[in-house]
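Asks: Could you have a look at this structure, given as structure tokens, before my questions?
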Amino acid sequence: MSSSGTSSPAARRVLDWRLRFGLLSLVWGFSFLFMKVGTEGFAPFQVTLGRLAFGTAVVAAAMAVKRERLPRGAWTWVHLTVAGFLLNALPFSLFAFSELTIPSSLAGICNATSPLWGMALSLVALSEDRPTRRRVAGLGIGFLGVLTVLGVWQGFDGLDVTGTALALLASLSYPVGWIYVRRTLAGSSHSHLSLTGAQLGLATLQLAVVTPLFTSVPTGFPVLPVLSVAALGVLGTGLAFLIQYDLVAEVGPTTAQMVTYFTPVIATAAGVALLGESLSWSTPVGAVVVLAGAALTQSRPRAAGSPSVAPVPGREDTRLRERPRTTASQT
């Protein structure tokens, strides 16, 4: 994919990259709270449909301002349809369903396991992605962190296994999508903005077909859930991806991807402070271990002059590079 579609240097000077980095961390961290509140008034599929519709509108507006055209080519659209499912429609829906029964803080921590899933998958699916001792150690440490979060020594007492499994499956969907995109769209001549708009639009269409089949028309539109879904789409999906691409273009993927390690911290803090979610000692301790393991799986020497690719829209903390790590973000 080309590097066009990113903002100009003049536009980037309006707000320092550190402030945009912090804003992106907040937006993706609060996305799990927005999902939780949204599911209090609407079905999970409806929350996801609203999120995608608002997010697509933001990206479409950006495309109109920049006079970007949609991608061309039948196979490009086929690949974008699959990418929209794996990186948007499926994980967004799974997270929404998971938050029916688990705290938003736990969903945010599960989201942080994507680099671990991705590292394991890349060793199998990408022949050029060779393991190193440090990365294998990171995978093992991350796995221990997940077991700590789940409280395995207590026999998962008090843990909703179904909801947690759905959140972990959502996190797994991202690296599957990243690997697919790398194999099919990494060399595309279309701009990132154009591909993003098409991908989000296709994911929205997928949910527009599925949602009426499994849900009924809402009997009401409570204010807080409506505002949460709107914020989830406008901020956590549309605006977040635009900020993310801008950061990758300005400071590079290595620095930009560090937002991954702030998202679960903010998600946990927001859930506890604003939603009154309970927090046992094993959750933050396990989260730290997960993040440490994820950081190790990302550490590898970088070849001089190696190209990088800006991310494809995925989760609150997702990013795609020419050699995939594993994203995000979710995310």
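Letters for chains follow the order of the structure tokens (A, B, ...), residue numbers begin at 1 for each chain, and ligand numbers begin at 1 in the order shown.
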Using only C-alpha atoms, determine which residues lie at most 9 Å from segment 221-236 of chain A, disregarding the query and same-chain residues fewer than 2 positions distant; provide the list as a PDB file with all heavy atoms, in the first residue's frame.

Replies:
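So the final result, stored in around.pdb, reads:
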ATOM      1  N   LEU A  24      -5.044   9.487  21.135  1.00  0.00           N
ATOM      2  CA  LEU A  24      -5.352   8.170  20.588  1.00  0.00           C
ATOM      3  C   LEU A  24      -5.430   7.118  21.692  1.00  0.00           C
ATOM      4  O   LEU A  24      -6.308   6.248  21.684  1.00  0.00           O
ATOM      5  CB  LEU A  24      -4.292   7.781  19.561  1.00  0.00           C
ATOM      6  CG  LEU A  24      -4.515   6.471  18.802  1.00  0.00           C
ATOM      7  CD1 LEU A  24      -5.824   6.500  18.036  1.00  0.00           C
ATOM      8  CD2 LEU A  24      -3.352   6.205  17.841  1.00  0.00           C
ATOM      9  N   VAL A  27      -8.770   7.658  23.478  1.00  0.00           N
ATOM     10  CA  VAL A  27      -9.913   7.273  22.657  1.00  0.00           C
ATOM     11  C   VAL A  27     -10.061   5.762  22.594  1.00  0.00           C
ATOM     12  O   VAL A  27     -11.151   5.212  22.787  1.00  0.00           O
ATOM     13  CB  VAL A  27      -9.767   7.862  21.236  1.00  0.00           C
ATOM     14  CG1 VAL A  27     -10.750   7.200  20.283  1.00  0.00           C
ATOM     15  CG2 VAL A  27     -10.009   9.364  21.263  1.00  0.00           C
ATOM     16  N   TRP A  28      -8.953   5.068  22.330  1.00  0.00           N
ATOM     17  CA  TRP A  28      -9.044   3.611  22.257  1.00  0.00           C
ATOM     18  C   TRP A  28      -9.263   2.984  23.628  1.00  0.00           C
ATOM     19  O   TRP A  28      -9.943   1.962  23.751  1.00  0.00           O
ATOM     20  CB  TRP A  28      -7.797   3.047  21.598  1.00  0.00           C
ATOM     21  CG  TRP A  28      -7.972   2.925  20.105  1.00  0.00           C
ATOM     22  CD1 TRP A  28      -9.140   2.818  19.429  1.00  0.00           C
ATOM     23  CD2 TRP A  28      -6.941   2.901  19.126  1.00  0.00           C
ATOM     24  NE1 TRP A  28      -8.907   2.723  18.078  1.00  0.00           N
ATOM     25  CE2 TRP A  28      -7.560   2.773  17.857  1.00  0.00           C
ATOM     26  CE3 TRP A  28      -5.554   2.979  19.179  1.00  0.00           C
ATOM     27  CZ2 TRP A  28      -6.862   2.714  16.668  1.00  0.00           C
ATOM     28  CZ3 TRP A  28      -4.839   2.919  17.986  1.00  0.00           C
ATOM     29  CH2 TRP A  28      -5.487   2.785  16.747  1.00  0.00           C
ATOM     30  N   GLY A  29      -8.704   3.585  24.680  1.00  0.00           N
ATOM     31  CA  GLY A  29      -8.946   3.057  26.014  1.00  0.00           C
ATOM     32  C   GLY A  29     -10.401   3.196  26.429  1.00  0.00           C
ATOM     33  O   GLY A  29     -10.996   2.270  27.005  1.00  0.00           O
ATOM     34  N   PHE A  30     -11.007   4.345  26.114  1.00  0.00           N
ATOM     35  CA  PHE A  30     -12.402   4.590  26.470  1.00  0.00           C
ATOM     36  C   PHE A  30     -13.381   3.842  25.566  1.00  0.00           C
ATOM     37  O   PHE A  30     -14.571   3.775  25.878  1.00  0.00           O
ATOM     38  CB  PHE A  30     -12.705   6.090  26.434  1.00  0.00           C
ATOM     39  CG  PHE A  30     -12.459   6.781  27.747  1.00  0.00           C
ATOM     40  CD1 PHE A  30     -11.202   7.244  28.072  1.00  0.00           C
ATOM     41  CD2 PHE A  30     -13.488   6.950  28.673  1.00  0.00           C
ATOM     42  CE1 PHE A  30     -10.955   7.876  29.284  1.00  0.00           C
ATOM     43  CE2 PHE A  30     -13.260   7.575  29.879  1.00  0.00           C
ATOM     44  CZ  PHE A  30     -11.999   8.042  30.201  1.00  0.00           C
ATOM     45  N   SER A  31     -12.895   3.313  24.449  1.00  0.00           N
ATOM     46  CA  SER A  31     -13.796   2.604  23.538  1.00  0.00           C
ATOM     47  C   SER A  31     -14.471   1.414  24.213  1.00  0.00           C
ATOM     48  O   SER A  31     -15.624   1.088  23.910  1.00  0.00           O
ATOM     49  CB  SER A  31     -13.018   2.127  22.302  1.00  0.00           C
ATOM     50  OG  SER A  31     -12.636   3.216  21.497  1.00  0.00           O
ATOM     51  N   PHE A  32     -13.769   0.774  25.140  1.00  0.00           N
ATOM     52  CA  PHE A  32     -14.362  -0.379  25.827  1.00  0.00           C
ATOM     53  C   PHE A  32     -15.463   0.065  26.783  1.00  0.00           C
ATOM     54  O   PHE A  32     -16.447  -0.635  26.969  1.00  0.00           O
ATOM     55  CB  PHE A  32     -13.264  -1.158  26.540  1.00  0.00           C
ATOM     56  CG  PHE A  32     -12.270  -1.759  25.592  1.00  0.00           C
ATOM     57  CD1 PHE A  32     -11.092  -1.100  25.283  1.00  0.00           C
ATOM     58  CD2 PHE A  32     -12.535  -2.967  24.973  1.00  0.00           C
ATOM     59  CE1 PHE A  32     -10.186  -1.635  24.383  1.00  0.00           C
ATOM     60  CE2 PHE A  32     -11.639  -3.517  24.069  1.00  0.00           C
ATOM     61  CZ  PHE A  32     -10.459  -2.843  23.767  1.00  0.00           C
ATOM     62  N   LEU A  33     -15.292   1.235  27.380  1.00  0.00           N
ATOM     63  CA  LEU A  33     -16.357   1.799  28.204  1.00  0.00           C
ATOM     64  C   LEU A  33     -17.550   2.167  27.338  1.00  0.00           C
ATOM     65  O   LEU A  33     -18.705   1.900  27.703  1.00  0.00           O
ATOM     66  CB  LEU A  33     -15.830   3.023  28.956  1.00  0.00           C
ATOM     67  CG  LEU A  33     -16.814   3.747  29.887  1.00  0.00           C
ATOM     68  CD1 LEU A  33     -16.075   4.337  31.085  1.00  0.00           C
ATOM     69  CD2 LEU A  33     -17.560   4.865  29.161  1.00  0.00           C
ATOM     70  N   PHE A  34     -17.307   2.773  26.180  1.00  0.00           N
ATOM     71  CA  PHE A  34     -18.395   3.134  25.270  1.00  0.00           C
ATOM     72  C   PHE A  34     -19.172   1.898  24.828  1.00  0.00           C
ATOM     73  O   PHE A  34     -20.407   1.922  24.751  1.00  0.00           O
ATOM     74  CB  PHE A  34     -17.843   3.857  24.042  1.00  0.00           C
ATOM     75  CG  PHE A  34     -17.253   5.212  24.336  1.00  0.00           C
ATOM     76  CD1 PHE A  34     -16.176   5.689  23.604  1.00  0.00           C
ATOM     77  CD2 PHE A  34     -17.779   6.018  25.339  1.00  0.00           C
ATOM     78  CE1 PHE A  34     -15.627   6.937  23.869  1.00  0.00           C
ATOM     79  CE2 PHE A  34     -17.234   7.268  25.621  1.00  0.00           C
ATOM     80  CZ  PHE A  34     -16.165   7.728  24.879  1.00  0.00           C
ATOM     81  N   MET A  35     -18.458   0.805  24.559  1.00  0.00           N
ATOM     82  CA  MET A  35     -19.147  -0.429  24.175  1.00  0.00           C
ATOM     83  C   MET A  35     -20.027  -0.942  25.306  1.00  0.00           C
ATOM     84  O   MET A  35     -21.157  -1.386  25.089  1.00  0.00           O
ATOM     85  CB  MET A  35     -18.131  -1.498  23.767  1.00  0.00           C
ATOM     86  CG  MET A  35     -17.700  -1.431  22.318  1.00  0.00           C
ATOM     87  SD  MET A  35     -16.692  -2.846  21.814  1.00  0.00           S
ATOM     88  CE  MET A  35     -15.111  -2.375  22.504  1.00  0.00           C
ATOM     89  N   LYS A  36     -19.496  -0.889  26.514  1.00  0.00           N
ATOM     90  CA  LYS A  36     -20.246  -1.378  27.669  1.00  0.00           C
ATOM     91  C   LYS A  36     -21.544  -0.598  27.854  1.00  0.00           C
ATOM     92  O   LYS A  36     -22.615  -1.175  28.038  1.00  0.00           O
ATOM     93  CB  LYS A  36     -19.375  -1.255  28.929  1.00  0.00           C
ATOM     94  CG  LYS A  36     -19.975  -1.909  30.167  1.00  0.00           C
ATOM     95  CD  LYS A  36     -19.945  -3.419  30.058  1.00  0.00           C
ATOM     96  CE  LYS A  36     -20.326  -4.086  31.354  1.00  0.00           C
ATOM     97  NZ  LYS A  36     -20.283  -5.567  31.264  1.00  0.00           N
ATOM     98  N   VAL A  37     -21.446   0.718  27.783  1.00  0.00           N
ATOM     99  CA  VAL A  37     -22.633   1.571  27.949  1.00  0.00           C
ATOM    100  C   VAL A  37     -23.583   1.381  26.765  1.00  0.00           C
ATOM    101  O   VAL A  37     -24.804   1.353  26.930  1.00  0.00           O
ATOM    102  CB  VAL A  37     -22.232   3.044  28.094  1.00  0.00           C
ATOM    103  CG1 VAL A  37     -23.466   3.936  28.172  1.00  0.00           C
ATOM    104  CG2 VAL A  37     -21.366   3.241  29.338  1.00  0.00           C
ATOM    105  N   GLY A  38     -23.016   1.220  25.566  1.00  0.00           N
ATOM    106  CA  GLY A  38     -23.860   1.028  24.386  1.00  0.00           C
ATOM    107  C   GLY A  38     -24.700  -0.232  24.470  1.00  0.00           C
ATOM    108  O   GLY A  38     -25.881  -0.239  24.096  1.00  0.00           O
ATOM    109  N   THR A  39     -24.116  -1.313  24.992  1.00  0.00           N
ATOM    110  CA  THR A  39     -24.855  -2.571  25.094  1.00  0.00           C
ATOM    111  C   THR A  39     -25.925  -2.542  26.184  1.00  0.00           C
ATOM    112  O   THR A  39     -26.734  -3.460  26.270  1.00  0.00           O
ATOM    113  CB  THR A  39     -23.896  -3.750  25.365  1.00  0.00           C
ATOM    114  OG1 THR A  39     -23.118  -3.480  26.527  1.00  0.00           O
ATOM    115  CG2 THR A  39     -22.980  -3.979  24.178  1.00  0.00           C
ATOM    116  N   GLU A  40     -25.934  -1.509  27.005  1.00  0.00           N
ATOM    117  CA  GLU A  40     -27.002  -1.367  28.011  1.00  0.00           C
ATOM    118  C   GLU A  40     -28.300  -0.883  27.380  1.00  0.00           C
ATOM    119  O   GLU A  40     -29.357  -0.978  27.987  1.00  0.00           O
ATOM    120  CB  GLU A  40     -26.554  -0.394  29.104  1.00  0.00           C
ATOM    121  CG  GLU A  40     -25.407  -0.925  29.958  1.00  0.00           C
ATOM    122  CD  GLU A  40     -24.932   0.077  30.988  1.00  0.00           C
ATOM    123  OE1 GLU A  40     -25.448   1.227  30.989  1.00  0.00           O
ATOM    124  OE2 GLU A  40     -24.044  -0.268  31.790  1.00  0.00           O
ATOM    125  N   GLY A  41     -28.208  -0.340  26.157  1.00  0.00           N
ATOM    126  CA  GLY A  41     -29.415   0.145  25.491  1.00  0.00           C
ATOM    127  C   GLY A  41     -29.708  -0.539  24.168  1.00  0.00           C
ATOM    128  O   GLY A  41     -30.845  -0.467  23.676  1.00  0.00           O
ATOM    129  N   PHE A  42     -28.696  -1.188  23.588  1.00  0.00           N
ATOM    130  CA  PHE A  42     -28.863  -1.795  22.277  1.00  0.00           C
ATOM    131  C   PHE A  42     -28.214  -3.174  22.235  1.00  0.00           C
ATOM    132  O   PHE A  42     -27.334  -3.484  23.039  1.00  0.00           O
ATOM    133  CB  PHE A  42     -28.239  -0.907  21.183  1.00  0.00           C
ATOM    134  CG  PHE A  42     -28.769   0.493  21.173  1.00  0.00           C
ATOM    135  CD1 PHE A  42     -28.010   1.531  21.689  1.00  0.00           C
ATOM    136  CD2 PHE A  42     -30.028   0.776  20.667  1.00  0.00           C
ATOM    137  CE1 PHE A  42     -28.493   2.824  21.696  1.00  0.00           C
ATOM    138  CE2 PHE A  42     -30.524   2.068  20.665  1.00  0.00           C
ATOM    139  CZ  PHE A  42     -29.757   3.102  21.178  1.00  0.00           C
ATOM    140  N   VAL A  47     -24.930  -2.091  18.261  1.00  0.00           N
ATOM    141  CA  VAL A  47     -23.817  -1.245  18.697  1.00  0.00           C
ATOM    142  C   VAL A  47     -22.719  -1.246  17.637  1.00  0.00           C
ATOM    143  O   VAL A  47     -22.184  -0.189  17.272  1.00  0.00           O
ATOM    144  CB  VAL A  47     -23.254  -1.735  20.046  1.00  0.00           C
ATOM    145  CG1 VAL A  47     -21.965  -0.994  20.395  1.00  0.00           C
ATOM    146  CG2 VAL A  47     -24.285  -1.541  21.156  1.00  0.00           C
ATOM    147  N   THR A  48     -22.403  -2.427  17.117  1.00  0.00           N
ATOM    148  CA  THR A  48     -21.346  -2.533  16.114  1.00  0.00           C
ATOM    149  C   THR A  48     -21.743  -1.845  14.819  1.00  0.00           C
ATOM    150  O   THR A  48     -20.923  -1.158  14.188  1.00  0.00           O
ATOM    151  CB  THR A  48     -21.018  -4.005  15.837  1.00  0.00           C
ATOM    152  OG1 THR A  48     -20.695  -4.649  17.071  1.00  0.00           O
ATOM    153  CG2 THR A  48     -19.851  -4.136  14.883  1.00  0.00           C
ATOM    154  N   GLY A  50     -23.841   0.684  14.468  1.00  0.00           N
ATOM    155  CA  GLY A  50     -23.765   2.128  14.688  1.00  0.00           C
ATOM    156  C   GLY A  50     -22.328   2.609  14.705  1.00  0.00           C
ATOM    157  O   GLY A  50     -21.998   3.665  14.129  1.00  0.00           O
ATOM    158  N   ARG A  51     -21.476   1.843  15.353  1.00  0.00           N
ATOM    159  CA  ARG A  51     -20.052   2.208  15.416  1.00  0.00           C
ATOM    160  C   ARG A  51     -19.443   2.302  14.023  1.00  0.00           C
ATOM    161  O   ARG A  51     -18.754   3.268  13.681  1.00  0.00           O
ATOM    162  CB  ARG A  51     -19.311   1.161  16.237  1.00  0.00           C
ATOM    163  CG  ARG A  51     -17.805   1.314  16.206  1.00  0.00           C
ATOM    164  CD  ARG A  51     -17.103   0.190  16.944  1.00  0.00           C
ATOM    165  NE  ARG A  51     -15.676   0.477  17.069  1.00  0.00           N
ATOM    166  CZ  ARG A  51     -14.833  -0.219  17.808  1.00  0.00           C
ATOM    167  NH1 ARG A  51     -15.271  -1.261  18.497  1.00  0.00           N
ATOM    168  NH2 ARG A  51     -13.561   0.118  17.878  1.00  0.00           N
ATOM    169  N   LEU A  52     -19.686   1.290  13.198  1.00  0.00           N
ATOM    170  CA  LEU A  52     -19.125   1.272  11.865  1.00  0.00           C
ATOM    171  C   LEU A  52     -19.714   2.370  10.984  1.00  0.00           C
ATOM    172  O   LEU A  52     -19.004   2.977  10.174  1.00  0.00           O
ATOM    173  CB  LEU A  52     -19.352  -0.099  11.230  1.00  0.00           C
ATOM    174  CG  LEU A  52     -18.465  -1.224  11.768  1.00  0.00           C
ATOM    175  CD1 LEU A  52     -18.951  -2.582  11.272  1.00  0.00           C
ATOM    176  CD2 LEU A  52     -17.018  -1.012  11.346  1.00  0.00           C
ATOM    177  N   ALA A  53     -21.007   2.624  11.130  1.00  0.00           N
ATOM    178  CA  ALA A  53     -21.645   3.656  10.312  1.00  0.00           C
ATOM    179  C   ALA A  53     -21.062   5.034  10.632  1.00  0.00           C
ATOM    180  O   ALA A  53     -20.724   5.807   9.719  1.00  0.00           O
ATOM    181  CB  ALA A  53     -23.153   3.645  10.549  1.00  0.00           C
ATOM    182  N   PHE A  54     -20.925   5.353  11.922  1.00  0.00           N
ATOM    183  CA  PHE A  54     -20.353   6.640  12.309  1.00  0.00           C
ATOM    184  C   PHE A  54     -18.884   6.734  11.890  1.00  0.00           C
ATOM    185  O   PHE A  54     -18.424   7.774  11.415  1.00  0.00           O
ATOM    186  CB  PHE A  54     -20.483   6.841  13.820  1.00  0.00           C
ATOM    187  CG  PHE A  54     -21.825   7.320  14.268  1.00  0.00           C
ATOM    188  CD1 PHE A  54     -22.655   6.487  15.015  1.00  0.00           C
ATOM    189  CD2 PHE A  54     -22.262   8.594  13.958  1.00  0.00           C
ATOM    190  CE1 PHE A  54     -23.899   6.919  15.434  1.00  0.00           C
ATOM    191  CE2 PHE A  54     -23.510   9.049  14.376  1.00  0.00           C
ATOM    192  CZ  PHE A  54     -24.330   8.200  15.118  1.00  0.00           C
ATOM    193  N   GLY A  55     -18.144   5.636  12.086  1.00  0.00           N
ATOM    194  CA  GLY A  55     -16.732   5.638  11.707  1.00  0.00           C
ATOM    195  C   GLY A  55     -16.541   5.808  10.214  1.00  0.00           C
ATOM    196  O   GLY A  55     -15.655   6.556   9.759  1.00  0.00           O
ATOM    197  N   THR A  56     -17.365   5.124   9.425  1.00  0.00           N
ATOM    198  CA  THR A  56     -17.282   5.244   7.974  1.00  0.00           C
ATOM    199  C   THR A  56     -17.588   6.666   7.530  1.00  0.00           C
ATOM    200  O   THR A  56     -16.945   7.200   6.615  1.00  0.00           O
ATOM    201  CB  THR A  56     -18.258   4.268   7.299  1.00  0.00           C
ATOM    202  OG1 THR A  56     -17.930   2.933   7.687  1.00  0.00           O
ATOM    203  CG2 THR A  56     -18.184   4.382   5.790  1.00  0.00           C
ATOM    204  N   ALA A  57     -18.560   7.298   8.178  1.00  0.00           N
ATOM    205  CA  ALA A  57     -18.920   8.666   7.823  1.00  0.00           C
ATOM    206  C   ALA A  57     -17.748   9.621   8.028  1.00  0.00           C
ATOM    207  O   ALA A  57     -17.502  10.517   7.214  1.00  0.00           O
ATOM    208  CB  ALA A  57     -20.130   9.122   8.647  1.00  0.00           C
ATOM    209  N   VAL A  58     -17.002   9.427   9.128  1.00  0.00           N
ATOM    210  CA  VAL A  58     -15.849  10.291   9.406  1.00  0.00           C
ATOM    211  C   VAL A  58     -14.782  10.115   8.335  1.00  0.00           C
ATOM    212  O   VAL A  58     -14.231  11.085   7.796  1.00  0.00           O
ATOM    213  CB  VAL A  58     -15.265   9.977  10.797  1.00  0.00           C
ATOM    214  CG1 VAL A  58     -13.935  10.705  11.005  1.00  0.00           C
ATOM    215  CG2 VAL A  58     -16.253  10.380  11.881  1.00  0.00           C
ATOM    216  N   PRO A 218     -35.083  -1.327  17.961  1.00  0.00           N
ATOM    217  CA  PRO A 218     -35.075  -0.854  19.358  1.00  0.00           C
ATOM    218  C   PRO A 218     -36.390  -0.170  19.726  1.00  0.00           C
ATOM    219  O   PRO A 218     -36.965   0.563  18.917  1.00  0.00           O
ATOM    220  CB  PRO A 218     -33.910   0.145  19.387  1.00  0.00           C
ATOM    221  CG  PRO A 218     -33.028  -0.253  18.244  1.00  0.00           C
ATOM    222  CD  PRO A 218     -33.959  -0.766  17.189  1.00  0.00           C
ATOM    223  N   THR A 219     -36.850  -0.436  20.926  1.00  0.00           N
ATOM    224  CA  THR A 219     -38.095   0.193  21.393  1.00  0.00           C
ATOM    225  C   THR A 219     -37.857   1.624  21.858  1.00  0.00           C
ATOM    226  O   THR A 219     -38.803   2.386  22.003  1.00  0.00           O
ATOM    227  CB  THR A 219     -38.696  -0.630  22.547  1.00  0.00           C
ATOM    228  OG1 THR A 219     -37.716  -0.739  23.598  1.00  0.00           O
ATOM    229  CG2 THR A 219     -39.075  -2.020  22.068  1.00  0.00           C
ATOM    230  N   GLY A 238     -13.510   6.178  13.442  1.00  0.00           N
ATOM    231  CA  GLY A 238     -13.133   7.085  12.367  1.00  0.00           C
ATOM    232  C   GLY A 238     -11.940   7.967  12.679  1.00  0.00           C
ATOM    233  O   GLY A 238     -10.889   7.882  12.032  1.00  0.00           O
ATOM    234  N   LEU A 239     -12.085   8.818  13.692  1.00  0.00           N
ATOM    235  CA  LEU A 239     -11.021   9.757  14.029  1.00  0.00           C
ATOM    236  C   LEU A 239      -9.752   9.032  14.481  1.00  0.00           C
ATOM    237  O   LEU A 239      -8.638   9.443  14.149  1.00  0.00           O
ATOM    238  CB  LEU A 239     -11.498  10.710  15.129  1.00  0.00           C
ATOM    239  CG  LEU A 239     -10.506  11.793  15.552  1.00  0.00           C
ATOM    240  CD1 LEU A 239     -10.179  12.704  14.375  1.00  0.00           C
ATOM    241  CD2 LEU A 239     -11.076  12.603  16.723  1.00  0.00           C
ATOM    242  N   ALA A 240      -9.915   7.941  15.232  1.00  0.00           N
ATOM    243  CA  ALA A 240      -8.748   7.214  15.748  1.00  0.00           C
ATOM    244  C   ALA A 240      -7.871   6.695  14.620  1.00  0.00           C
ATOM    245  O   ALA A 240      -6.643   6.780  14.684  1.00  0.00           O
ATOM    246  CB  ALA A 240      -9.206   6.064  16.634  1.00  0.00           C
ATOM    247  N   PHE A 241      -8.480   6.153  13.561  1.00  0.00           N
ATOM    248  CA  PHE A 241      -7.690   5.632  12.461  1.00  0.00           C
ATOM    249  C   PHE A 241      -6.973   6.746  11.711  1.00  0.00           C
ATOM    250  O   PHE A 241      -5.837   6.587  11.268  1.00  0.00           O
ATOM    251  CB  PHE A 241      -8.563   4.826  11.507  1.00  0.00           C
ATOM    252  CG  PHE A 241      -9.019   3.524  12.084  1.00  0.00           C
ATOM    253  CD1 PHE A 241     -10.338   3.120  11.982  1.00  0.00           C
ATOM    254  CD2 PHE A 241      -8.131   2.693  12.748  1.00  0.00           C
ATOM    255  CE1 PHE A 241     -10.767   1.925  12.518  1.00  0.00           C
ATOM    256  CE2 PHE A 241      -8.539   1.494  13.295  1.00  0.00           C
ATOM    257  CZ  PHE A 241      -9.867   1.107  13.181  1.00  0.00           C
ATOM    258  N   ARG A 315      -8.579  -2.752  15.422  1.00  0.00           N
ATOM    259  CA  ARG A 315      -9.148  -2.537  16.707  1.00  0.00           C
ATOM    260  C   ARG A 315      -8.711  -1.241  17.299  1.00  0.00           C
ATOM    261  O   ARG A 315      -8.019  -0.441  16.716  1.00  0.00           O
ATOM    262  CB  ARG A 315      -8.766  -3.637  17.617  1.00  0.00           C
ATOM    263  CG  ARG A 315      -7.388  -3.465  18.124  1.00  0.00           C
ATOM    264  CD  ARG A 315      -6.919  -4.728  18.658  1.00  0.00           C
ATOM    265  NE  ARG A 315      -5.554  -4.667  18.719  1.00  0.00           N
ATOM    266  CZ  ARG A 315      -4.840  -4.644  19.771  1.00  0.00           C
ATOM    267  NH1 ARG A 315      -5.359  -4.819  20.840  1.00  0.00           N
ATOM    268  NH2 ARG A 315      -3.603  -4.508  19.799  1.00  0.00           N
ATOM    269  N   GLU A 316      -9.086  -1.049  18.507  1.00  0.00           N
ATOM    270  CA  GLU A 316      -8.715   0.142  19.248  1.00  0.00           C
ATOM    271  C   GLU A 316      -7.208   0.366  19.238  1.00  0.00           C
ATOM    272  O   GLU A 316      -6.768   1.477  19.452  1.00  0.00           O
ATOM    273  CB  GLU A 316      -9.208   0.005  20.677  1.00  0.00           C
ATOM    274  CG  GLU A 316     -10.728   0.056  20.790  1.00  0.00           C
ATOM    275  CD  GLU A 316     -11.445  -1.019  20.072  1.00  0.00           C
ATOM    276  OE1 GLU A 316     -10.987  -2.147  20.074  1.00  0.00           O
ATOM    277  OE2 GLU A 316     -12.443  -0.718  19.471  1.00  0.00           O
ATOM    278  N   THR A 331      -6.214  -1.519  18.623  1.00  0.00           N
ATOM    279  CA  THR A 331      -6.967  -1.389  18.701  1.00  0.00           C
ATOM    280  C   THR A 331      -7.199  -1.203  18.705  1.00  0.00           C
ATOM    281  O   THR A 331      -6.970  -0.634  17.351  1.00  0.00           O
ATOM    282  CB  THR A 331      -7.393  -1.149  19.248  1.00  0.00           C
ATOM    283  OG1 THR A 331      -7.924  -0.842  19.021  1.00  0.00           O
ATOM    284  CG2 THR A 331      -8.227  -0.406  19.606  1.00  0.00           C
TER     285      THR A 331
END

Asks: Looking only at the backbone, which of the residues in segment 100-133 of chain A does DSSP tag as alpha helix (DSSP H), as an MDAnalysis selection string?

Replies: chainID A and resid 104:111 114:125 133

Asks: For Ser25 of chain A, work out the shell of residues within 9 Å, counting only C-alpha atoms and skipping chain neighbours fewer than 3 positions away, then give it as a list in words.

Replies: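 So, after excluding close chain neighbours, the residues are Arg20, Phe21, Gly22, Trp28, Gly29, Phe30, Val259, Thr260, Tyr261, Phe262, Thr263, Ile266, Glu316 and Asp317 of chain A.
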
Asks: What gap, in Å, lies between atom CA of Leu144 of chain A and atom CA of Leu106 of chain A?

Replies: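 Going from atom CA of Leu144 of chain A over to atom CA of Leu106 of chain A, I get 15.8 Å.
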
Asks: With a distance cut-off of 10 Å and only C-alpha atoms, select the neighbouring residues of Val217 of chain A, excluding the residue or stretch itself and same-chain residues fewer than 2 positions from it, and output the selection as a ChimeraX atom specification.

Replies: /A:42-43,46,211-212,215,219-220

Asks: Grab the atom CA of Ala112 of chain A to atom CA of Trp77 of chain A distance for me, in Å with one decimal place.

Replies: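 Distance between the two atoms: 29.3 Å.
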
Asks: Please provide as a list of chain:residue names all residues within 9 Å of Leu242 of chain A, with the sequence filter that same-chain residues fewer than 2 positions apart are discarded (counting only C-alpha atoms).

Replies: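 Returned residues: A:Thr6, A:Ser7, A:Val59, A:Ala62, A:Leu193, A:Thr237, A:Gly238, A:Leu239, A:Ala240, A:Gln244, A:Tyr245, A:Asp246, A:Leu247.
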